[in-house]
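Working notes, structure below.
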Amino acid sequence: KNFMSKEKIQEKNIKDDVLNVGIVGHIDHGKTTLLYKLSGKWADTHSEELKRGITIKLGYADITIYKDGEKYNINGKGEKVREVSFVDAPGHEMLMATMLSGAALIDAALLVVAANEGIKPQTREHVMALQVKGIKNLIVIQNKIDLVNAEQAEKSYKEIKEFLKGKYDEVPVIPVSAQQEINIETILKALTKIPNPKRDNSKNPIFFVARSFDINLPGTKPEDLHGAILGGTLKQGVLKINDEIEIKPGRIIKEANKYHYETFKTRILSLFKGSKKISELTPGGSASIETELDMVLGKGDALAGNVISLAGKLPELTQNLKLKYVLFPEVFGVNEKIKVDPIKHSELLMLSINTSTSGGTIISVKSDEIEISLRVPVVAFKEDNVGVARNIQGHWRLIGWGKVV
């Protein structure tokens, strides 16, 4: 909560080619421990997460990779070769919507598969989610190799390669023990081989909000108070201090089973990439925006799922959304084989659009196109990939995907 301290943080220029990397996989396969060994930071900082031992919200950590001779490190030795911003996505089956939000922020992913447990239902679902969101760069971490013998490790490796066939055929599979710090350097090296993502600074800025905060501690003097903080990533364009921005759809208010929304316009007071204060924000990396909004508006991720741009530059909110869609042959997040039934008129589905999720009712179904009336309007961009989920056995399960038309 002290990361906004003006005394401690000096302004720095940050390179544009920061790689956003998601860490995904089944619960308890070691994602958060791996992130700690890669970055020195525990991403599980939410009190409920610490109590339950699982990642509920998206966690973040930033590293700079250096090359010293043939060795790779994060200790500042040698030549700086890559900046990476990690997003730790939840693996628990009930948190798929949050995982999809994380996938909207990333350029590449580390898929963690425990050698002693192998491919699990959530592993399959997460890989499908990465494909839905168009993530092409993947590194597979065969974790917990210290818990199996050589024969079991080889069997697990073959299972992973077989699972990836037709999805991610040429990706590296790295045997790792995060706990014992085995092959951590190999992961760092693999991260430097991923091509730089294409960024476009000339377009209108689009910032996807994944978290929002009130960072003010009890007893803070009025003159030292900070406005609501919005965390996420800038996908394109440039944002600067003092820019007037618009936040859509804004604050969602539910009254008598109806949803109302209040769009905000505000001004940028300060910008941060990771923990580094900057005057200009360019795409790539996790970032935070301090606004003039009342700090209460940002409390508890209340503004997560919003889209930010310069005032007047965002499209109108969409209540009825049309998608060209494809259904999966089966549901991937469950133990038994469940066929995906066709979408029906009046059915309730949940859509994952960038970092937002919105439920809605099907009002039109054609062979390859659906129209859905959303409970909460969204900012939708043409050709955006959208995850489509159905309530199956009490959980929202990914059943297909679509493109906004």
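Ligands are numbered from 1 in the order shown, chains are lettered A, B, ... in the order of the structure tokens, and residues start at 1 in each chain.
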
Discussion item. Quick one: residues within 7 Å of region 114-124 of chain A, only C-alpha atoms, excluding same-chain residues fewer than 6 positions away - as a ChimeraX atom specification?
Written reply: /A:25-26,29,91,93,142-145,147-148,153,156,160,332-335

Worksheet item: Looking only at the backbone, which of the residues in region 255-394 of chain A does DSSP tag as strand (DSSP E or B), as a ChimeraX atom specification?
Response: /A:255,258-273,276-278,280-281,287-291,307-310,318-327,330,339,348-353,356-365,369-378,385-392

Practice prompt. Please measure the separation of CA of Lys248 (chain A) and CA of Leu317 (chain A), giving the value in Å to one decimal.
Written response: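 Straight-line distance from CA of Lys248 (chain A) to CA of Leu317 (chain A) works out to 7.7 Å.
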
Discussion item. As a PyMOL selection string, please: the residues near region 359-366 of chain A (cut-off 8 Å, only C-alpha atoms, same-chain neighbours under 4 positions excluded).
Written reply: chain A and resi 343-351+370-376

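The neighbours of Leu164 (chain A) here are the residues that come within 10 Å of it, using only C-alpha atoms and leaving out any residue fewer than 6 positions away in the same chain; they are Arg124, Val127, Val140, Lys158, Glu170 and Val171 of chain A.
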
Can I get the selected residues back with C-alpha atoms, as a short mmCIF file (atom, residue, chain, number, x, y, z; two decimals), in the first residue's frame?
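As written to disk, out.cif reads:
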```
data_model
loop_
_atom_site.label_atom_id
_atom_site.label_comp_id
_atom_site.auth_asym_id
_atom_site.auth_seq_id
_atom_site.Cartn_x
_atom_site.Cartn_y
_atom_site.Cartn_z
CA ARG A 124 -7.70 -28.50 -20.26
CA VAL A 127 -5.53 -24.19 -22.39
CA VAL A 140 4.88 -25.50 -20.35
CA LYS A 158 4.69 -37.76 -22.89
CA GLU A 170 6.10 -26.78 -30.89
CA VAL A 171 6.15 -25.25 -27.42
#
```

Worksheet item: Between CA of Gly166 (chain A) and CA of Gly400 (chain A), what is the spacing in Å?
Response: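 Separating CA of Gly400 (chain A) from CA of Gly166 (chain A) is a distance of 17.2 Å.
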
Worksheet item: What is the distance between CA of Asp301 (chain A) and CA of Ile289 (chain A), in Å to one decimal?
Response: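 Spanning CA of Asp301 (chain A) to CA of Ile289 (chain A) is a straight-line distance of 13.6 Å.
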
Discussion item. Let's see if you can do this: from backbone DSSP, list all alpha helix (DSSP H) residues in region 156-384 of chain A, as a PyMOL selection string.
Written reply: chain A and resi 156-164+184-192+295-298

Discussion item. Would you pick out the contacts of Lys71 (chain A) at 10 Å or less, using only C-alpha atoms, so that residues sharing its chain but fewer than 2 positions from it are not included, and give the list as JSON, numbers by chain?
Written reply: {"A": [66, 67, 68, 69, 73, 77, 78, 185, 186, 188, 189]}

Discussion item. Give me, as a count of residues only, all polymer residues having an atom no more than 6 Å from Ile63 (chain A), counting only C-alpha atoms and skipping those fewer than 4 positions away in the same chain.
Written reply: 3
